[in-house]
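Below: entry39.cif (mmCIF, C-alpha atoms)
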```cif
data_input
#
loop_
_atom_site.label_atom_id
_atom_site.label_comp_id
_atom_site.auth_asym_id
_atom_site.auth_seq_id
_atom_site.Cartn_x
_atom_site.Cartn_y
_atom_site.Cartn_z
CA MET A 7 21.94 -14.08 -18.03
CA GLN A 8 25.51 -12.93 -17.33
CA ALA A 9 25.35 -10.36 -20.13
CA VAL A 10 22.09 -9.08 -18.64
CA LEU A 11 23.53 -8.79 -15.13
CA ASN A 12 26.68 -7.10 -16.44
CA PHE A 13 24.57 -4.57 -18.31
CA ILE A 14 22.66 -3.78 -15.13
CA ASP A 15 25.88 -3.28 -13.18
CA ASN A 16 27.44 -1.10 -15.89
CA ASN A 17 24.42 1.20 -16.04
CA ARG A 18 23.99 1.86 -12.35
CA GLU A 19 24.60 5.61 -12.63
CA LYS A 20 22.29 5.90 -15.63
CA TYR A 21 19.48 4.23 -13.71
CA LEU A 22 20.03 6.57 -10.79
CA GLN A 23 19.71 9.65 -13.01
CA GLU A 24 16.51 8.29 -14.55
CA LEU A 25 15.09 7.68 -11.09
CA LYS A 26 15.96 11.24 -10.06
CA ASN A 27 14.17 12.61 -13.11
CA PHE A 28 11.15 10.43 -12.32
CA LEU A 29 11.06 11.63 -8.71
CA LYS A 30 11.21 15.30 -9.69
CA ILE A 31 7.70 15.10 -11.14
CA GLU A 32 5.20 16.20 -8.49
CA SER A 33 2.58 13.55 -9.25
CA ILE A 34 0.28 14.00 -6.24
CA SER A 35 -3.02 12.44 -7.32
CA SER A 36 -5.01 13.87 -4.41
CA ASP A 37 -4.14 17.48 -5.32
CA PRO A 38 -6.31 18.94 -8.14
CA GLU A 39 -3.61 21.53 -8.84
CA LYS A 40 -1.17 18.76 -9.83
CA LYS A 41 -3.18 17.54 -12.84
CA SER A 42 -0.53 18.74 -15.30
CA GLU A 43 2.16 16.99 -13.26
CA MET A 44 0.16 13.77 -13.33
CA ASP A 45 -0.06 13.96 -17.12
CA ARG A 46 3.63 14.76 -17.31
CA CYS A 47 4.42 11.68 -15.23
CA ALA A 48 2.30 9.41 -17.42
CA ASP A 49 4.10 10.82 -20.47
CA PHE A 50 7.45 10.11 -18.78
CA ILE A 51 6.48 6.44 -18.46
CA LYS A 52 5.32 6.26 -22.08
CA GLU A 53 8.63 7.75 -23.14
CA LYS A 54 10.50 5.07 -21.19
CA PHE A 55 8.34 2.38 -22.74
CA SER A 56 9.14 3.78 -26.18
CA GLU A 57 12.88 3.89 -25.44
CA LEU A 58 12.70 0.22 -24.46
CA GLY A 59 11.06 -0.68 -27.74
CA LEU A 60 7.87 -1.96 -26.16
CA ASP A 61 4.71 -2.34 -28.21
CA LYS A 62 1.07 -1.24 -27.90
CA ILE A 63 1.94 1.74 -25.72
CA GLN A 64 -1.37 3.33 -24.78
CA THR A 65 -3.65 4.81 -22.15
CA LEU A 66 -6.31 2.28 -21.19
CA ASN A 67 -8.82 4.49 -19.37
CA ARG A 68 -10.85 7.53 -20.37
CA ASP A 69 -11.76 8.72 -16.88
CA GLY A 70 -9.39 9.67 -14.10
CA PHE A 71 -5.61 9.80 -14.25
CA GLN A 72 -3.93 7.76 -16.97
CA ILE A 73 -3.43 4.01 -16.69
CA VAL A 74 -0.51 3.36 -19.02
CA TYR A 75 0.01 0.04 -20.80
CA ALA A 76 2.80 -1.52 -22.88
CA GLU A 77 3.95 -5.00 -23.80
CA LYS A 78 6.65 -7.08 -25.46
CA ILE A 79 5.40 -10.42 -26.71
CA ILE A 80 8.33 -12.61 -27.69
CA ASP A 81 6.55 -15.90 -28.26
CA HIS A 82 2.87 -16.67 -27.65
CA ASN A 83 3.93 -20.11 -26.40
CA LYS A 84 5.91 -18.54 -23.56
CA PRO A 85 4.36 -17.56 -20.24
CA THR A 86 3.48 -13.91 -19.67
CA ILE A 87 4.30 -11.74 -16.68
CA LEU A 88 2.28 -8.59 -15.96
CA PHE A 89 4.17 -5.95 -13.97
CA TYR A 90 2.05 -3.45 -12.04
CA GLY A 91 3.06 -0.22 -10.34
CA HIS A 92 1.79 3.28 -9.65
CA TYR A 93 3.29 6.66 -10.47
CA ASP A 94 1.18 8.79 -8.15
CA VAL A 95 2.50 9.77 -4.73
CA GLN A 96 1.27 10.98 -1.38
CA PRO A 97 1.15 14.68 -0.41
CA VAL A 98 4.33 16.01 1.19
CA ASP A 99 2.87 17.71 4.28
CA PRO A 100 4.24 18.77 6.68
CA ILE A 101 6.81 20.34 4.38
CA ASP A 102 8.90 21.85 7.21
CA LEU A 103 9.92 18.38 8.43
CA TRP A 104 11.75 17.52 5.18
CA LYS A 105 15.53 17.76 5.38
CA SER A 106 15.74 18.27 1.60
CA PRO A 107 13.10 19.39 -0.94
CA PRO A 108 10.61 16.52 -1.36
CA PHE A 109 10.97 16.38 -5.14
CA SER A 110 14.70 16.96 -5.44
CA GLY A 111 15.89 13.35 -5.32
CA GLU A 112 18.85 14.26 -3.14
CA ILE A 113 21.44 11.53 -2.62
CA ARG A 114 22.93 11.07 0.85
CA ASP A 115 23.91 8.16 3.08
CA GLY A 116 23.54 5.71 0.21
CA LYS A 117 19.87 6.58 -0.23
CA ILE A 118 17.76 8.72 -2.51
CA TRP A 119 15.40 11.09 -0.67
CA ALA A 120 12.15 12.16 -2.30
CA ARG A 121 8.41 11.65 -2.19
CA GLY A 122 7.70 8.46 -4.13
CA ALA A 123 11.23 7.09 -3.79
CA THR A 124 10.13 3.79 -2.26
CA ASP A 125 6.36 4.15 -2.81
CA ASP A 126 6.36 3.40 -5.66
CA LYS A 127 8.46 5.05 -8.35
CA GLY A 128 11.76 3.51 -7.30
CA GLN A 129 10.34 0.03 -6.98
CA LEU A 130 8.38 0.02 -10.26
CA LEU A 131 11.40 1.35 -12.17
CA THR A 132 13.33 -1.81 -11.25
CA HIS A 133 11.14 -3.84 -13.62
CA LEU A 134 11.48 -1.44 -16.55
CA LYS A 135 15.24 -1.54 -16.17
CA SER A 136 15.39 -5.34 -15.94
CA VAL A 137 13.46 -5.67 -19.19
CA GLU A 138 15.72 -3.05 -20.75
CA ALA A 139 18.77 -5.14 -19.79
CA PHE A 140 17.47 -8.11 -21.79
CA LEU A 141 16.48 -6.07 -24.83
CA SER A 142 19.64 -3.94 -24.88
CA THR A 143 21.94 -6.97 -24.82
CA SER A 144 19.96 -8.84 -27.51
CA THR A 145 19.25 -11.50 -24.89
CA GLU A 146 15.88 -13.07 -25.52
CA LEU A 147 13.37 -12.37 -22.79
CA PRO A 148 12.56 -15.61 -20.94
CA VAL A 149 8.90 -14.55 -20.79
CA ASN A 150 6.50 -12.20 -22.48
CA VAL A 151 6.08 -9.01 -20.48
CA LYS A 152 3.23 -6.58 -19.98
CA PHE A 153 3.13 -3.39 -17.93
CA VAL A 154 0.16 -1.60 -16.41
CA ILE A 155 1.09 1.53 -14.48
CA GLU A 156 -1.63 3.62 -12.85
CA GLY A 157 -1.87 7.08 -11.33
CA GLU A 158 -4.60 6.61 -8.74
CA GLU A 159 -3.29 4.10 -6.21
CA GLU A 160 -2.91 6.69 -3.49
CA ILE A 161 -6.58 7.68 -3.86
CA GLY A 162 -7.95 4.12 -3.85
CA SER A 163 -7.54 3.11 -7.53
CA PRO A 164 -11.09 4.13 -8.51
CA SER A 165 -10.50 3.50 -12.23
CA LEU A 166 -8.29 0.43 -12.21
CA GLY A 167 -10.81 -2.30 -11.38
CA LYS A 168 -13.19 -1.42 -14.19
CA THR A 169 -10.25 -0.90 -16.54
CA ILE A 170 -8.93 -4.40 -15.84
CA ALA A 171 -12.42 -5.81 -16.38
CA ALA A 172 -12.71 -3.99 -19.71
CA HIS A 173 -9.30 -5.21 -20.95
CA LYS A 174 -9.08 -8.73 -19.56
CA ASP A 175 -7.89 -10.20 -22.87
CA LEU A 176 -5.22 -7.56 -23.32
CA LEU A 177 -3.99 -8.02 -19.73
CA ALA A 178 -4.16 -11.84 -19.72
CA CYS A 179 -1.08 -13.27 -18.02
CA ASP A 180 0.33 -16.16 -16.03
CA ALA A 181 1.34 -14.05 -13.02
CA VAL A 182 1.14 -10.47 -11.78
CA VAL A 183 4.22 -9.00 -10.11
CA ILE A 184 3.89 -6.02 -7.78
CA SER A 185 6.79 -4.30 -6.03
CA ASP A 186 5.02 -1.96 -3.63
CA THR A 187 5.76 -3.69 -0.32
CA SER A 188 8.68 -3.84 2.09
CA MET A 189 11.30 -6.40 3.02
CA TYR A 190 11.31 -7.61 6.61
CA ASP A 191 14.48 -5.64 7.33
CA ASP A 192 17.66 -4.52 5.55
CA LYS A 193 19.28 -7.92 6.04
CA THR A 194 16.26 -10.12 5.37
CA PRO A 195 14.62 -10.30 1.94
CA SER A 196 10.98 -11.26 2.11
CA ILE A 197 7.92 -12.03 0.05
CA THR A 198 4.52 -10.84 1.22
CA TYR A 199 1.86 -13.51 0.84
CA SER A 200 -1.01 -11.75 2.58
CA LEU A 201 -2.32 -8.20 2.78
CA ARG A 202 -4.96 -6.83 5.10
CA GLY A 203 -8.06 -5.27 3.63
CA LEU A 204 -9.54 -1.93 4.60
CA ALA A 205 -12.89 -0.49 5.63
CA TYR A 206 -12.78 3.27 6.18
CA PHE A 207 -15.66 5.34 7.56
CA GLN A 208 -16.62 8.82 8.67
CA ILE A 209 -19.03 9.09 11.57
CA GLY A 210 -20.97 12.21 12.44
CA ILE A 211 -22.81 13.00 15.69
CA THR A 212 -25.32 15.88 15.87
CA GLY A 213 -26.83 17.24 19.07
CA PRO A 214 -28.57 20.62 19.26
CA ASN A 215 -29.44 22.48 16.08
CA ARG A 216 -26.70 25.06 16.71
CA ASP A 217 -23.64 25.64 18.89
CA LEU A 218 -24.71 26.57 22.41
CA HIS A 219 -23.27 28.54 25.33
CA SER A 220 -21.72 25.90 27.58
CA GLY A 221 -22.65 27.83 30.71
CA THR A 222 -26.27 28.39 29.84
CA PHE A 223 -26.93 24.96 28.38
CA GLY A 224 -24.18 22.78 29.86
CA GLY A 225 -25.58 19.93 31.92
CA ALA A 226 -28.92 19.96 30.10
CA VAL A 227 -27.94 18.83 26.58
CA MET A 228 -25.79 15.93 25.41
CA ASN A 229 -22.46 17.15 24.09
CA PRO A 230 -21.80 15.51 20.65
CA ILE A 231 -18.04 15.40 21.26
CA GLN A 232 -18.57 13.63 24.56
CA GLU A 233 -20.88 11.13 22.91
CA MET A 234 -18.40 10.59 20.08
CA CYS A 235 -15.62 9.90 22.60
CA ASP A 236 -17.80 7.47 24.53
CA LEU A 237 -18.89 5.75 21.33
CA LEU A 238 -15.38 5.29 19.98
CA SER A 239 -13.99 4.22 23.34
CA GLY A 240 -16.67 1.55 23.59
CA MET A 241 -15.60 -0.05 20.33
CA LYS A 242 -12.58 -1.66 22.06
CA ASP A 243 -12.19 -3.28 25.43
CA LYS A 244 -9.21 -3.04 27.78
CA ASN A 245 -7.60 -6.07 26.11
CA GLY A 246 -7.63 -4.48 22.68
CA LYS A 247 -10.49 -6.61 21.41
CA ILE A 248 -13.04 -4.97 19.13
CA THR A 249 -16.50 -5.10 20.68
CA ILE A 250 -18.67 -4.70 17.57
CA PRO A 251 -20.85 -7.86 17.57
CA GLY A 252 -19.91 -10.30 14.80
CA PHE A 253 -16.69 -8.49 13.94
CA TYR A 254 -14.51 -11.60 14.30
CA ASP A 255 -16.96 -14.14 12.86
CA ASP A 256 -15.21 -14.52 9.50
CA VAL A 257 -11.60 -14.09 10.60
CA LEU A 258 -9.33 -16.78 9.15
CA LYS A 259 -7.35 -18.15 12.08
CA LEU A 260 -3.59 -18.46 11.92
CA THR A 261 -2.25 -21.97 11.52
CA LYS A 262 0.42 -23.34 13.85
CA ALA A 263 2.89 -23.22 10.95
CA GLU A 264 2.16 -19.54 10.39
CA ARG A 265 2.56 -18.68 14.07
CA ASP A 266 5.82 -20.64 14.14
CA GLY A 267 6.91 -18.65 11.08
CA PHE A 268 6.36 -15.38 12.92
CA LYS A 269 8.45 -16.65 15.84
CA LYS A 270 11.36 -17.47 13.51
CA LEU A 271 11.63 -13.81 12.54
CA LYS A 272 13.06 -13.08 16.02
CA PHE A 273 11.24 -9.79 16.31
CA SER A 274 12.54 -7.43 19.00
CA GLU A 275 9.80 -5.51 20.79
CA LYS A 276 12.43 -3.51 22.63
CA ALA A 277 13.99 -2.27 19.39
CA TYR A 278 10.54 -1.66 17.93
CA MET A 279 9.55 0.55 20.88
CA LYS A 280 12.82 2.46 20.66
CA VAL A 281 12.30 3.27 16.98
CA LEU A 282 8.74 4.44 17.67
CA GLY A 283 9.62 6.38 20.80
CA VAL A 284 7.12 4.59 23.05
CA LYS A 285 7.62 2.85 26.39
CA GLU A 286 4.90 0.23 26.08
CA LEU A 287 3.00 -1.56 23.31
CA PHE A 288 -0.71 -2.19 23.21
CA GLY A 289 -2.77 -4.60 21.16
CA GLU A 290 -5.15 -7.54 21.12
CA LYS A 291 -4.37 -9.86 24.01
CA GLY A 292 -3.18 -13.35 23.09
CA PHE A 293 -1.22 -12.36 19.98
CA THR A 294 2.33 -11.17 19.32
CA THR A 295 3.08 -7.76 17.84
CA LEU A 296 3.84 -9.23 14.41
CA GLU A 297 0.61 -11.23 14.47
CA ARG A 298 -1.37 -8.14 15.46
CA THR A 299 0.12 -5.98 12.71
CA GLY A 300 0.00 -8.52 9.92
CA ALA A 301 -2.63 -11.15 10.60
CA ARG A 302 -5.27 -9.77 12.96
CA PRO A 303 -8.00 -7.20 12.22
CA THR A 304 -7.85 -3.75 13.80
CA LEU A 305 -9.92 -0.65 14.44
CA GLU A 306 -8.14 2.70 14.64
CA ILE A 307 -9.35 6.29 15.08
CA ASN A 308 -7.71 8.31 12.30
CA GLY A 309 -9.10 11.71 13.19
CA ILE A 310 -11.65 13.40 15.44
CA TRP A 311 -12.90 16.99 15.42
CA GLY A 312 -15.69 19.36 16.40
CA GLY A 313 -16.37 22.47 18.45
CA PHE A 314 -13.78 25.16 19.07
CA THR A 315 -10.11 24.32 18.39
CA GLY A 316 -8.63 27.78 17.89
CA GLN A 317 -6.33 29.72 20.19
CA GLY A 318 -7.69 30.99 23.46
CA ALA A 319 -11.02 30.02 25.00
CA LYS A 320 -14.55 29.83 23.67
CA THR A 321 -17.12 28.29 25.98
CA VAL A 322 -19.12 26.45 23.40
CA LEU A 323 -21.23 23.31 23.56
CA PRO A 324 -20.87 22.16 19.93
CA SER A 325 -23.67 21.11 17.64
CA LYS A 326 -21.65 18.50 15.79
CA ALA A 327 -18.69 16.15 16.12
CA TYR A 328 -16.96 13.98 13.55
CA ALA A 329 -14.51 11.11 13.45
CA LYS A 330 -12.78 9.02 10.83
CA ILE A 331 -12.08 5.39 11.65
CA SER A 332 -10.36 2.63 9.70
CA MET A 333 -10.56 -1.10 10.15
CA ARG A 334 -7.87 -3.35 8.73
CA LEU A 335 -9.41 -6.64 7.66
CA VAL A 336 -7.98 -10.13 7.30
CA PRO A 337 -9.09 -13.09 5.20
CA HIS A 338 -12.10 -13.78 4.99
CA GLN A 339 -13.59 -10.49 6.15
CA THR A 340 -15.21 -8.13 3.63
CA PRO A 341 -15.73 -4.35 3.77
CA LYS A 342 -19.41 -4.77 2.87
CA LYS A 343 -20.17 -7.00 5.83
CA ILE A 344 -18.10 -4.88 8.21
CA GLU A 345 -20.06 -1.81 7.11
CA LYS A 346 -23.32 -3.57 7.98
CA LEU A 347 -21.98 -4.65 11.38
CA LEU A 348 -20.85 -1.09 12.15
CA LYS A 349 -24.22 0.37 11.19
CA ASP A 350 -26.04 -2.22 13.31
CA TYR A 351 -23.76 -1.37 16.23
CA LEU A 352 -24.33 2.38 15.91
CA LYS A 353 -28.08 1.91 15.67
CA LYS A 354 -28.09 0.28 19.09
CA ALA A 355 -25.27 2.22 20.75
CA VAL A 356 -26.12 5.84 19.92
CA PRO A 357 -28.59 7.37 22.44
CA LYS A 358 -31.72 9.28 21.43
CA SER A 359 -30.20 12.50 22.74
CA VAL A 360 -28.22 12.82 19.49
CA THR A 361 -28.49 11.74 15.86
CA TYR A 362 -25.73 10.14 13.82
CA SER A 363 -24.54 9.53 10.28
CA VAL A 364 -22.04 7.04 8.88
CA GLU A 365 -20.38 7.19 5.48
CA ALA A 366 -18.18 4.52 3.91
CA LEU A 367 -15.23 6.37 2.38
CA HIS A 368 -13.03 3.55 1.12
CA GLY A 369 -12.83 -0.22 1.14
CA GLY A 370 -10.62 -3.03 -0.07
CA GLU A 371 -10.65 -6.76 0.46
CA PRO A 372 -7.77 -8.67 2.09
CA ALA A 373 -5.53 -10.82 -0.07
CA LEU A 374 -3.97 -14.23 0.56
CA THR A 375 -1.70 -16.15 -1.82
CA SER A 376 -0.41 -19.69 -1.46
CA ILE A 377 3.32 -19.73 -0.83
CA GLU A 378 3.55 -23.05 -2.65
CA GLY A 379 2.57 -21.54 -6.02
CA LYS A 380 4.93 -21.53 -9.01
CA ALA A 381 5.18 -17.75 -9.20
CA ILE A 382 5.99 -17.20 -5.53
CA GLN A 383 8.53 -20.02 -5.52
CA ALA A 384 10.22 -18.46 -8.58
CA ALA A 385 10.32 -15.15 -6.71
CA ALA A 386 11.85 -16.86 -3.68
CA ARG A 387 14.64 -18.37 -5.79
CA ALA A 388 15.26 -15.02 -7.49
CA MET A 389 15.52 -13.21 -4.16
CA LYS A 390 17.86 -15.84 -2.76
CA SER A 391 20.19 -15.60 -5.77
CA THR A 392 20.15 -11.79 -5.61
CA PHE A 393 20.37 -11.12 -1.88
CA GLY A 394 22.31 -14.25 -0.95
CA LYS A 395 19.75 -15.29 1.63
CA THR A 396 16.56 -17.32 1.58
CA PRO A 397 13.63 -14.91 1.85
CA VAL A 398 11.05 -15.16 4.60
CA PHE A 399 7.33 -15.15 3.89
CA THR A 400 5.49 -12.38 5.69
CA ARG A 401 2.04 -10.85 6.10
CA GLU A 402 1.69 -7.13 5.47
CA GLY A 403 -0.51 -5.00 7.67
CA GLY A 404 -1.21 -2.47 4.95
CA SER A 405 -3.61 -2.75 2.05
CA ILE A 406 -3.29 -2.84 -1.74
CA PRO A 407 -6.95 -3.28 -2.75
CA ILE A 408 -6.17 -3.92 -6.40
CA VAL A 409 -4.32 -7.15 -5.55
CA VAL A 410 -7.65 -8.92 -5.07
CA GLU A 411 -9.00 -7.42 -8.30
CA PHE A 412 -6.03 -8.70 -10.32
CA GLY A 413 -6.45 -12.21 -8.96
CA ARG A 414 -10.20 -12.26 -9.39
CA LEU A 415 -10.41 -10.72 -12.86
CA LEU A 416 -7.28 -12.17 -14.49
CA LYS A 417 -7.31 -15.53 -12.70
CA ALA A 418 -3.58 -15.17 -12.13
CA PRO A 419 -1.46 -15.40 -8.96
CA VAL A 420 -0.12 -12.13 -7.59
CA VAL A 421 3.48 -11.96 -6.39
CA LEU A 422 4.29 -9.20 -3.89
CA MET A 423 8.05 -8.91 -4.32
CA GLY A 424 9.03 -5.69 -2.58
CA PHE A 425 12.49 -4.13 -2.31
CA GLY A 426 11.68 -1.26 0.05
CA LEU A 427 11.90 -1.07 3.81
CA ALA A 428 9.17 -0.18 6.30
CA THR A 429 11.61 2.33 7.85
CA GLU A 430 11.89 4.38 4.64
CA ASN A 431 9.17 6.85 5.65
CA LEU A 432 6.65 6.05 2.95
CA HIS A 433 3.70 8.45 3.38
CA SER A 434 5.82 10.55 5.77
CA PRO A 435 8.37 13.37 5.46
CA ASN A 436 11.86 12.32 4.37
CA GLU A 437 10.78 9.33 2.31
CA HIS A 438 13.79 7.54 0.84
CA PHE A 439 14.95 4.37 -0.93
CA ASP A 440 18.16 2.46 -0.33
CA LEU A 441 20.15 2.59 -3.56
CA ASN A 442 21.66 -0.87 -3.05
CA ASN A 443 18.17 -2.33 -2.83
CA PHE A 444 17.13 -0.34 -5.90
CA HIS A 445 20.02 -1.88 -7.81
CA LYS A 446 19.41 -5.36 -6.40
CA GLY A 447 15.75 -4.99 -7.29
CA ILE A 448 16.70 -4.71 -10.96
CA HIS A 449 18.84 -7.84 -10.63
CA CYS A 450 16.02 -9.65 -8.84
CA SER A 451 13.43 -8.73 -11.45
CA ALA A 452 15.64 -10.13 -14.19
CA ALA A 453 16.31 -13.28 -12.17
CA PHE A 454 12.58 -13.74 -11.52
CA MET A 455 11.78 -13.83 -15.23
CA ASN A 456 14.52 -16.37 -15.75
CA GLU A 457 13.38 -18.50 -12.81
CA PHE A 458 9.72 -18.44 -13.83
CA ILE A 459 10.33 -20.65 -16.86
CA LYS A 460 12.19 -23.32 -14.90
CA GLN A 461 9.09 -25.09 -13.57
#
```
Could you rewrite the structure in this file as structure tokens?
Amino acid sequence: MQAVLNFIDNNREKYLQELKNFLKIESISSDPEKKSEMDRCADFIKEKFSELGLDKIQTLNRDGFQIVYAEKIIDHNKPTILFYGHYDVQPVDPIDLWKSPPFSGEIRDGKIWARGATDDKGQLLTHLKSVEAFLSTSTELPVNVKFVIEGEEEIGSPSLGKTIAAHKDLLACDAVVISDTSMYDDKTPSITYSLRGLAYFQIGITGPNRDLHSGTFGGAVMNPIQEMCDLLSGMKDKNGKITIPGFYDDVLKLTKAERDGFKKLKFSEKAYMKVLGVKELFGEKGFTTLERTGARPTLEINGIWGGFTGQGAKTVLPSKAYAKISMRLVPHQTPKKIEKLLKDYLKKAVPKSVTYSVEALHGGEPALTSIEGKAIQAAARAMKSTFGKTPVFTREGGSIPIVVEFGRLLKAPVVLMGFGLATENLHSPNEHFDLNNFHKGIHCSAAFMNEFIKQ
């Protein structure tokens, strides 16, 4: 292992240049005009696979953006690790808030600044470079390795589930490793053992058959925006509890050990409020902030619109109003059941003075992994040896829907071993990645493979 670690240290600048080249590709999966950039990014990954000397380099899917695969099988008697990542990134808007061009990969303050730096190009590259360190030093890989890198994660991974199902034999492994999460903070390495799921909807309210003059018709006709506001407001009470009947029926309660684990993190609400620029926090009564953001379900209004929103005044009583809402789910909630509960709620709550529509836009199931498993314990030892500190086990409030699919279809544990930080502006302007954590991530990936064979 020492030769491997020395190789990683000696190639730090080379890795940085490769990351910069990776980040320069404008692989925004949600933008139809970036199709050529998406193909270019997939080709970049294939080129890296080829440089490493990996085998069976191919595109697994026919529809959608490319899902790229490669492997290096050393010995069929050895365990196999499947590394997953995604090369697509979020849009860069609003562009005027970026301090440097979003695809420049500028280096400052010990960080690299670019869209995709921490989510997920920088993190997935750590695993390619760790495998390279073994192969370039003629050090036998401790495990067989497989890579599956997709280009649709930021648009819900519509192709990945069916692709995994169609290639289960090819993708068969003993553990799946994903680095697309964050550490607790810059001094505390962590392993995520639970992710919240997601149920995302668009609701429409329609009143009169056209926009009306608010003077002539105001007071006689229900205003769809008013009804939308009342409807959404009624979905939560003053204590932050969601009022949709049956919403909490399947929620897996936190154990005493888990709640004690949250307390050990010594979370500072004062510092949290300062970073966010707020003077008071709000959430479900009876739970701490960390419990609310990682282990309790939520309902948030993501957008609301209708009527006149331009400059000046227009006295209109609108015909329609719309809202997008998202619900973060916890084990054992499912998007399908939540959709039914929402529809049942709307059926009873919406008055006859208007009509409504509801559309499910996106869904993903929550994930929960045992922290006692072989793979997670190997990851914990690897992080301790790399960062010099025992990692904490945390729950992540965000969602990676494909985690459940990997576990269900491949019957393998999923290890969420992230090297990013929640403060690195993923999905926001000025996204960045700490270069020390990028370098340590490569070390940690190599250590994980070595640790995995010890049990």
Going by the chain IDs and residue numbers used in this file, which residues fall under the PyMOL selection byres ((chain A and resi 66) around 9)? Write them as a PyMOL selection string. chain A and resi 64-65+67-68+72-75+154+169-170+173
Using all atoms listed in the file, which residue out of A:Ile448, A:Lys78, A:Asn431, A:Leu25 lies closest to Leu103 (chain A)? A:Asn431
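The residue that comes closest to Leu218 (chain A), out of A:Ala48, A:Val322, A:Ala301, A:Leu258 and on the basis of all atoms listed in the file, is A:Val322.
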Please tell me which residues are no farther than 12 Å from (-29.2, 10.8, 20.8) in the file, counting only C-alpha atoms, and write them as a CSV table (one decimal) with C-alpha atoms, in the coordinates of the input.
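Produced file selection_2.csv, reproduced below:
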```
chain,number,residue,atom,x,y,z
A,210,GLY,CA,-21.0,12.2,12.4
A,211,ILE,CA,-22.8,13.0,15.7
A,212,THR,CA,-25.3,15.9,15.9
A,213,GLY,CA,-26.8,17.2,19.1
A,214,PRO,CA,-28.6,20.6,19.3
A,227,VAL,CA,-27.9,18.8,26.6
A,228,MET,CA,-25.8,15.9,25.4
A,229,ASN,CA,-22.5,17.2,24.1
A,230,PRO,CA,-21.8,15.5,20.6
A,232,GLN,CA,-18.6,13.6,24.6
A,233,GLU,CA,-20.9,11.1,22.9
A,234,MET,CA,-18.4,10.6,20.1
A,237,LEU,CA,-18.9,5.8,21.3
A,326,LYS,CA,-21.6,18.5,15.8
A,352,LEU,CA,-24.3,2.4,15.9
A,353,LYS,CA,-28.1,1.9,15.7
A,354,LYS,CA,-28.1,0.3,19.1
A,355,ALA,CA,-25.3,2.2,20.8
A,356,VAL,CA,-26.1,5.8,19.9
A,357,PRO,CA,-28.6,7.4,22.4
A,358,LYS,CA,-31.7,9.3,21.4
A,359,SER,CA,-30.2,12.5,22.7
A,360,VAL,CA,-28.2,12.8,19.5
A,361,THR,CA,-28.5,11.7,15.9
A,362,TYR,CA,-25.7,10.1,13.8
A,363,SER,CA,-24.5,9.5,10.3
```
For region 175-179 of chain A, please output as an MDAnalysis selection string all residues within 8 Å (counting all atoms listed in the file; exclusion window: fewer than 6 positions along the same chain). chainID A and resid 85:88 152 416 418
Quick check on the file I pasted: which residues fall under the PyMOL selection byres ((chain A and resi 382) around 10)? Write them as a list in words. Ala181, Val183, Ile197, Thr198, Tyr199, Thr375, Ser376, Ile377, Glu378, Gly379, Lys380, Ala381, Gln383, Ala384, Ala385, Ala386, Arg387, Ala388, Phe399, Pro419, Val420, Val421, Leu422, Met423, Phe454 and Phe458 of chain A
Do you have, as CSV, the list of residues of region 107-167 of chain A lying at most 9 Å from region 29-36 of chain A, each with its nearest atom pair and that distance in Å to one decimal, counting only C-alpha atoms and ordered by chain then number?
```
residue,atom,partner,partner_atom,distance
A:Pro108,CA,A:Lys30,CA,8.4
A:Phe109,CA,A:Lys30,CA,4.7
A:Ser110,CA,A:Lys30,CA,5.7
A:Gly111,CA,A:Leu29,CA,6.1
A:Ala120,CA,A:Leu29,CA,6.5
A:Arg121,CA,A:Leu29,CA,7.0
A:Gly122,CA,A:Leu29,CA,6.5
A:Ala123,CA,A:Leu29,CA,6.7
A:Lys127,CA,A:Leu29,CA,7.1
A:Gly128,CA,A:Leu29,CA,8.3
A:Gly157,CA,A:Ser35,CA,6.8
A:Glu158,CA,A:Ser35,CA,6.2
A:Glu159,CA,A:Ser35,CA,8.4
A:Glu160,CA,A:Ser35,CA,6.9
A:Ile161,CA,A:Ser36,CA,6.4
```
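Using only C-alpha atoms, the nearest neighbour of Ile80 (chain A) within the list A:Asn150, A:Thr400, A:Thr321, A:Asn443 is A:Asn150.
As for CA of Asp217 (chain A) and CA of Val364 (chain A), they are spaced 21.2 Å apart.
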Can you spell out as an NGL selection string the set of residues that the PyMOL selection byres ((chain A and resi 339-345) around 10) selects in the structure I just provided? :A and (202-207 or 250 or 252-258 or 303 or 333-338 or 346-351 or 364-366 or 368-372)
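Atom pair CA of Thr294 (chain A) / CA of Gly394 (chain A) has a distance of 28.6 Å (rounded to one decimal).
Residues in contact with Asp61 (chain A) at up to 8 Å, not including ones fewer than 4 positions away on its chain and judged by all atoms listed in the file, are A:Ser56, A:Ala76, A:Glu77, A:Lys78.
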Atomic distance CA of Phe153 (chain A) - CA of Tyr90 (chain A), expressed in Å with one decimal: 6.0 Å
Shortest interatomic distance to Leu22 (chain A) - which of A:Lys276, A:Lys320, A:Lys242, A:Lys117, counting all atoms listed in the file: A:Lys117
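Compared by their closest atoms to Lys247 (chain A), and using all atoms listed in the file, the residues A:Phe288, A:Gln208, A:Tyr278, A:Ala9 rank with A:Phe288 nearest.
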Listed atoms of region 377-394 of chain A boxed axis-aligned with 3 Å per side, centre + edges as lines of an AutoDock Vina configuration file:
```
center_x = 12.4
center_y = -17.1
center_z = -5.0
size_x = 25.7
size_y = 17.9
size_z = 14.4
```
Name all residues at most 7 Å from Ala139 (chain A) (count all atoms listed in the file; drop same-chain ones fewer than 3 positions away) and give them as a PyMOL selection string. chain A and resi 10+13-14+135-136+142-143
